[in-house]
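Asker: mmCIF, C-alpha atoms, file my_file.cif:
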data_target
loop_
_atom_site.label_atom_id
_atom_site.label_comp_id
_atom_site.auth_asym_id
_atom_site.auth_seq_id
_atom_site.Cartn_x
_atom_site.Cartn_y
_atom_site.Cartn_z
CA MET A 1 66.93 -1.99 -105.97
CA ARG A 2 64.49 0.84 -105.23
CA SER A 3 65.71 4.29 -106.05
CA TYR A 4 65.49 7.00 -103.39
CA GLN A 5 62.54 9.35 -103.87
CA PRO A 6 63.04 12.67 -102.09
CA ASP A 7 60.13 14.28 -100.23
CA LEU A 8 59.28 17.32 -102.34
CA THR A 9 56.41 18.52 -100.11
CA PRO A 10 56.95 22.22 -99.33
CA PRO A 11 57.80 22.78 -95.64
CA TRP A 12 54.73 24.97 -95.10
CA LYS A 13 52.44 22.11 -96.17
CA LYS A 14 53.91 19.56 -93.78
CA SER A 15 51.99 18.95 -90.56
CA ALA A 16 53.88 19.90 -87.45
CA PRO A 17 54.40 16.92 -85.13
CA ALA A 18 51.83 16.84 -82.37
CA PRO A 19 53.06 16.56 -78.78
CA GLU A 20 52.92 13.07 -77.31
CA VAL A 21 50.84 12.79 -74.15
CA PRO A 22 50.72 9.66 -71.95
CA ALA A 23 47.16 8.30 -71.84
CA GLU A 24 47.00 8.24 -68.07
CA THR A 25 43.90 7.31 -66.14
CA ASP A 26 41.35 10.15 -65.79
CA LEU A 27 42.96 12.28 -68.50
CA VAL A 28 40.06 13.94 -70.35
CA VAL A 29 40.47 14.12 -74.13
CA GLU A 30 38.33 14.45 -77.24
CA GLU A 31 38.64 12.07 -80.18
CA ALA A 32 39.39 14.26 -83.19
CA VAL A 33 37.14 12.57 -85.77
CA THR A 34 33.98 11.74 -83.79
CA GLY A 35 34.15 14.47 -81.16
CA PHE A 36 33.59 11.89 -78.42
CA CYS A 37 34.87 13.38 -75.16
CA GLY A 38 35.74 11.25 -72.16
CA ALA A 39 38.21 10.26 -69.51
CA VAL A 40 40.83 7.59 -70.12
CA ILE A 41 40.03 4.40 -68.23
CA ARG A 42 42.54 2.00 -69.82
CA CYS A 43 45.00 1.38 -72.64
CA GLU A 44 45.43 -1.97 -74.38
CA LYS A 45 47.84 -3.52 -76.84
CA THR A 46 46.02 -5.23 -79.72
CA ALA A 47 47.01 -6.92 -82.97
CA GLU A 48 46.00 -3.77 -84.84
CA GLY A 49 47.98 -1.51 -82.52
CA PRO A 50 47.44 0.24 -79.17
CA THR A 51 43.95 1.40 -78.23
CA VAL A 52 42.52 3.65 -75.55
CA THR A 53 39.12 3.34 -73.89
CA LEU A 54 37.31 6.56 -73.00
CA GLU A 55 34.33 6.97 -70.66
CA ASP A 56 32.02 9.95 -71.14
CA ARG A 57 30.04 11.71 -68.41
CA PHE A 58 27.12 9.33 -68.89
CA GLY A 59 29.28 6.25 -68.32
CA LYS A 60 29.39 5.26 -72.00
CA HIS A 61 32.63 3.57 -73.12
CA ARG A 62 34.23 3.78 -76.56
CA VAL A 63 37.51 2.31 -77.79
CA PHE A 64 39.73 4.25 -80.20
CA PRO A 65 43.05 3.47 -81.89
CA MET A 66 45.89 5.63 -80.60
CA THR A 67 46.67 7.14 -83.99
CA PRO A 68 49.05 10.09 -84.41
CA ARG A 69 47.28 13.46 -84.01
CA GLY A 70 44.12 11.56 -83.12
CA PHE A 71 42.96 13.47 -80.05
CA LEU A 72 42.39 16.95 -78.66
CA LEU A 73 43.57 17.95 -75.19
CA GLU A 74 42.17 21.32 -74.09
CA GLY A 75 41.67 22.17 -77.76
CA ARG A 76 45.21 21.20 -78.86
CA VAL A 77 45.91 18.31 -81.20
CA VAL A 78 47.97 15.62 -79.46
CA THR A 79 49.15 12.07 -80.00
CA LEU A 80 48.24 9.74 -77.16
CA VAL A 81 50.87 7.18 -76.18
CA ARG A 82 50.81 4.34 -73.69
CA PRO A 83 51.90 5.40 -70.18
CA SER A 84 55.33 4.22 -69.17
CA ALA A 85 55.40 1.16 -66.95
CA GLY A 86 57.05 1.07 -63.56
CA GLY A 87 54.69 3.01 -61.38
CA PRO A 88 51.05 3.64 -60.62
CA VAL A 89 49.18 5.71 -63.17
CA ARG A 90 47.94 8.97 -61.75
CA PRO A 91 45.64 11.66 -63.13
CA THR A 92 47.58 14.44 -64.86
CA ARG A 93 44.87 17.04 -64.27
CA THR A 94 42.63 17.96 -61.39
CA ALA A 95 38.89 18.33 -61.92
CA SER A 96 39.44 22.09 -62.37
CA GLY A 97 41.88 21.48 -65.23
CA SER A 98 44.98 22.38 -63.23
CA VAL A 99 48.12 20.26 -63.46
CA ALA A 100 47.88 17.57 -60.77
CA VAL A 101 50.63 17.44 -58.14
CA PRO A 102 50.86 13.79 -57.01
CA GLY A 103 51.75 13.40 -53.36
CA ALA A 104 51.39 17.09 -52.56
CA ARG A 105 50.39 17.80 -48.98
CA ALA A 106 47.63 20.19 -48.06
CA ARG A 107 48.97 23.59 -47.14
CA VAL A 108 48.26 25.02 -43.71
CA ALA A 109 45.05 27.01 -44.00
CA ARG A 110 45.44 30.65 -44.90
CA ALA A 111 43.84 33.39 -42.86
CA GLY A 112 41.85 34.34 -45.97
CA ARG A 113 38.58 32.60 -46.77
CA ILE A 114 36.06 32.08 -49.53
CA TYR A 115 32.41 32.25 -48.49
CA VAL A 116 29.61 30.82 -50.62
CA GLU A 117 25.88 31.08 -50.07
CA GLY A 118 24.89 27.51 -49.28
CA ARG A 119 25.92 23.92 -48.79
CA HIS A 120 25.28 22.98 -52.43
CA ASP A 121 27.58 25.78 -53.58
CA ALA A 122 30.29 24.56 -51.21
CA GLU A 123 29.94 20.94 -52.35
CA LEU A 124 30.18 21.91 -56.01
CA VAL A 125 33.27 24.06 -55.42
CA GLU A 126 34.87 21.20 -53.49
CA ARG A 127 34.09 18.69 -56.24
CA VAL A 128 35.81 20.72 -58.96
CA TRP A 129 38.41 22.82 -57.12
CA GLY A 130 39.03 20.73 -53.99
CA ASP A 131 42.56 19.63 -54.95
CA ASP A 132 43.57 23.18 -55.86
CA LEU A 133 42.12 24.62 -52.65
CA ARG A 134 44.00 22.17 -50.44
CA ILE A 135 47.31 22.88 -52.17
CA GLU A 136 46.71 26.63 -51.80
CA GLY A 137 45.46 26.34 -48.21
CA VAL A 138 42.13 28.01 -48.98
CA VAL A 139 39.11 27.16 -46.81
CA VAL A 140 35.58 27.46 -48.24
CA GLU A 141 32.68 28.07 -45.85
CA TYR A 142 28.98 28.48 -46.55
CA LEU A 143 26.71 31.18 -45.15
CA GLU A 144 23.12 29.90 -45.55
CA GLY A 145 22.24 33.07 -47.45
CA ILE A 146 23.81 36.52 -47.59
CA ASP A 147 21.29 38.69 -45.74
CA ASP A 148 23.77 39.09 -42.85
CA LEU A 149 26.83 39.51 -45.08
CA PRO A 150 27.77 43.04 -43.89
CA ALA A 151 27.90 41.88 -40.26
CA ILE A 152 29.81 38.73 -41.22
CA VAL A 153 32.40 40.79 -43.09
CA ARG A 154 32.83 43.17 -40.13
CA GLU A 155 33.36 40.23 -37.80
CA PHE A 156 35.86 38.62 -40.17
CA SER A 157 37.92 41.87 -40.30
CA PRO A 158 39.53 41.45 -43.75
CA ALA A 159 43.12 42.61 -44.11
CA PRO A 160 45.87 42.40 -46.76
CA ASP A 161 47.05 39.13 -45.22
CA ALA A 162 43.50 37.83 -44.67
CA ARG A 163 41.46 38.58 -47.76
CA LEU A 164 37.83 37.54 -48.04
CA GLY A 165 36.16 36.36 -51.23
CA VAL A 166 32.40 35.86 -51.51
CA LEU A 167 30.49 33.98 -54.21
CA VAL A 168 26.86 35.07 -54.58
CA ASP A 169 23.99 33.48 -56.48
CA HIS A 170 21.88 35.64 -58.80
CA LEU A 171 24.20 38.65 -58.65
CA VAL A 172 22.56 40.80 -61.32
CA PRO A 173 21.94 44.58 -61.45
CA GLY A 174 19.03 45.70 -59.29
CA SER A 175 18.78 42.47 -57.30
CA LYS A 176 18.76 42.23 -53.51
CA GLU A 177 22.09 40.45 -53.78
CA SER A 178 23.69 43.33 -55.69
CA ARG A 179 22.56 45.85 -53.06
CA ILE A 180 24.02 43.77 -50.24
CA ALA A 181 27.28 43.24 -52.15
CA ALA A 182 27.64 47.01 -52.60
CA GLN A 183 27.68 47.46 -48.81
CA VAL A 184 30.84 45.40 -48.31
CA SER A 185 33.08 46.73 -51.09
CA ASP A 186 36.65 46.95 -49.84
CA GLY A 187 40.17 46.46 -51.14
CA ASP A 188 40.47 43.25 -49.11
CA VAL A 189 36.96 41.97 -49.92
CA LEU A 190 35.88 40.69 -53.32
CA VAL A 191 32.24 39.84 -53.96
CA VAL A 192 31.50 38.17 -57.29
CA GLY A 193 28.57 36.17 -58.52
CA HIS A 194 26.86 34.31 -61.30
CA PRO A 195 23.50 35.19 -62.89
CA TYR A 196 21.72 31.94 -62.01
CA ILE A 197 18.90 31.74 -59.47
CA ASP A 198 20.64 28.81 -57.83
CA VAL A 199 23.97 27.05 -58.32
CA TRP A 200 22.06 24.06 -59.78
CA GLU A 201 21.72 26.07 -62.99
CA ALA A 202 25.50 26.51 -63.21
CA VAL A 203 25.75 22.81 -64.12
CA LYS A 204 25.36 22.33 -67.86
CA PRO A 205 22.00 20.70 -68.69
CA ALA A 206 23.67 18.21 -71.05
CA SER A 207 25.82 16.95 -68.19
CA VAL A 208 22.72 16.25 -66.13
CA GLY A 209 20.98 14.61 -69.10
CA ILE A 210 18.25 17.22 -69.55
CA ALA A 211 17.42 19.53 -72.44
CA GLY A 212 17.54 22.65 -70.26
CA TRP A 213 16.74 24.03 -66.83
CA PRO A 214 12.99 24.74 -66.59
CA VAL A 215 11.52 28.15 -65.90
CA VAL A 216 9.79 28.11 -62.52
CA PRO A 217 6.95 30.62 -62.00
CA ARG A 218 7.61 33.33 -59.42
CA GLY A 219 6.24 32.54 -56.00
CA GLN A 220 7.14 28.84 -56.16
CA ASP A 221 10.10 27.26 -54.42
CA TRP A 222 12.58 27.12 -57.29
CA LYS A 223 14.18 23.76 -56.50
CA THR A 224 10.87 22.03 -55.89
CA GLY A 225 9.54 23.56 -59.10
CA VAL A 226 12.53 22.22 -61.03
CA CYS A 227 11.94 18.71 -59.70
CA ARG A 228 8.25 18.92 -60.58
CA ALA A 229 8.90 20.23 -64.10
CA LEU A 230 11.50 17.55 -64.82
CA GLY A 231 9.34 14.75 -63.46
CA TRP A 232 11.79 14.00 -60.65
CA PRO A 233 10.63 13.06 -57.13
CA GLU A 234 10.10 16.26 -55.16
CA ASN A 235 13.08 15.55 -52.94
CA THR A 236 15.55 18.38 -53.44
CA GLY A 237 18.30 16.61 -51.49
CA ALA A 238 18.15 13.58 -53.77
CA ALA A 239 17.88 15.84 -56.81
CA TRP A 240 21.06 17.67 -55.82
CA GLN A 241 22.96 14.42 -55.38
CA ARG A 242 21.85 13.45 -58.88
CA ILE A 243 23.10 16.77 -60.25
CA LEU A 244 26.36 16.74 -58.29
CA SER A 245 27.19 13.18 -59.38
CA SER A 246 26.98 14.31 -63.01
CA VAL A 247 29.86 16.77 -62.51
CA ARG A 248 33.21 15.17 -63.36
CA SER A 249 35.25 18.28 -64.11
CA TYR A 250 35.14 21.96 -64.99
CA ARG A 251 33.81 20.98 -68.42
CA ASP A 252 30.43 20.26 -66.82
CA LEU A 253 30.04 23.81 -65.47
CA GLN A 254 28.96 27.03 -67.13
CA PRO A 255 31.73 29.59 -67.74
CA GLU A 256 29.84 32.20 -65.69
CA LEU A 257 30.62 30.15 -62.58
CA LEU A 258 34.06 28.91 -63.61
CA GLY A 259 35.49 32.36 -64.08
CA ARG A 260 34.13 33.69 -60.80
CA VAL A 261 35.53 30.87 -58.66
CA GLU A 262 38.94 31.14 -60.32
CA GLU A 263 38.84 34.89 -59.68
CA LEU A 264 38.16 34.34 -55.97
CA ILE A 265 40.95 31.79 -55.59
CA ASP A 266 43.40 34.18 -57.25
CA PHE A 267 42.22 37.04 -55.02
CA VAL A 268 42.65 35.27 -51.69
CA THR A 269 46.01 33.75 -52.65
CA LEU A 270 47.69 36.96 -53.86
CA PRO A 271 51.01 37.66 -52.11
CA ASP A 272 50.61 39.69 -48.95
#
Could you quickly redo this structure as structure tokens?

Answerer:
Amino acid sequence: MRSYQPDLTPPWKKSAPAPEVPAETDLVVEEAVTGFCGAVIRCEKTAEGPTVTLEDRFGKHRVFPMTPRGFLLEGRVVTLVRPSAGGPVRPTRTASGSVAVPGARARVARAGRIYVEGRHDAELVERVWGDDLRIEGVVVEYLEGIDDLPAIVREFSPAPDARLGVLVDHLVPGSKESRIAAQVSDGDVLVVGHPYIDVWEAVKPASVGIAGWPVVPRGQDWKTGVCRALGWPENTGAAWQRILSSVRSYRDLQPELLGRVEELIDFVTLPD
């Protein structure tokens, strides 16, 4: 008969149990040992124990055992477990990282708005924050440039119950954009921006599969110059679709854009 051997490990040396998280489809996690980051596409029961298959942003699949404390979720150590049976598996997070609300209906549109400079900006915001915007009832419109922003703001007539947020490309000190933004400062208007020449640059190069965004000489069309430098066909529409398709979640965007969009959403959804 085996004698009982007490656990003499001091309490401060024992690992705290990691929270268990269902490995639901589209949940984005990082495998703790290899650093492989991807979205859950399936779980399987094998002779060696349960496994999870992750797909990274390039479409590469890897299978990992669902070991205790084996994954990171938003930087926290977690233990993945098989989702409970009995219902369809739904994503637990939106592309922006917010908690998903399955079955939630879009809210009636607020009077407030978010304006962005162009169609590409609007499409990128929709791709990452679309679910959040619909739940909050926030409409995003694009301006085709901000040269007429002061007149647009006057026509909109911002008010405490109809705030206006504006996202501007290349909003840096001394730029044309900064001078225009200064003309519309108001308690019910918030103009913020990122430092990039175009919203293309706000997508992380690694997500697109390039080493970095090229420097385009002044005087050249920036988007055409990017295509030329990267060896892509000089079709900016096709190039944008290539870039946009590489964005799966907020993790594919630079923090300089992430913070500004979140700031605008908070501003236009503040209580009246």

Asker: Apply the PyMOL selection byres ((chain A and resi 75-85) around 8) to the structure shown and report the selected residues as an MDAnalysis selection string.

Answerer: chainID A and resid 18:24 32 43 50 66:74 86:87 89

Asker: Once the PyMOL selection byres ((chain A and resi 213) around 12) has been applied to the shown file, what residues remain in the selection, as number ranges by chain?

Answerer: A: 196-212, 214-216, 222-223, 225-230, 243

Asker: Write out as JSON, numbers by chain which residues come within 12 Å of Ile152 (chain A) when counting all atoms listed in the file, dropping same-chain ones fewer than 4 positions away.

Answerer: {"A": [115, 141, 142, 143, 144, 145, 146, 147, 148, 156, 157, 158, 164, 166, 180, 183, 184, 189]}

Asker: Listed atoms of region 176-189 of chain A, axis-aligned box, 8 Å per side: centre and edge lengths to one decimal in Å, as lines of an AutoDock Vina configuration file?

Answerer:
center_x = 29.6
center_y = 44.0
center_z = -52.0
size_x = 37.7
size_y = 23.0
size_z = 23.4

Asker: For CA of Asp56 (chain A) and CA of Phe36 (chain A), quote the distance in Å rounded to one decimal.

Answerer: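 Distance reported for this atom pair: 7.7 Å.
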
Asker: Given the file shown, enumerate the residues that the PyMOL selection byres ((chain A and resi 138) around 12) captures and present them as a count of residues only.

Answerer: 35

Asker: With distances taken over only C-alpha atoms, which of A:Pro160, A:Val192, A:Pro217, A:Arg248 is nearest to Glu55 (chain A)?

Answerer: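 Ranked by minimum distance to Glu55 (chain A), first place goes to A:Arg248.
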
Asker: May I ask for the distance between CA of Asn235 (chain A) and CA of Gly219 (chain A), given in Å to one decimal place?

Answerer: 18.6 Å
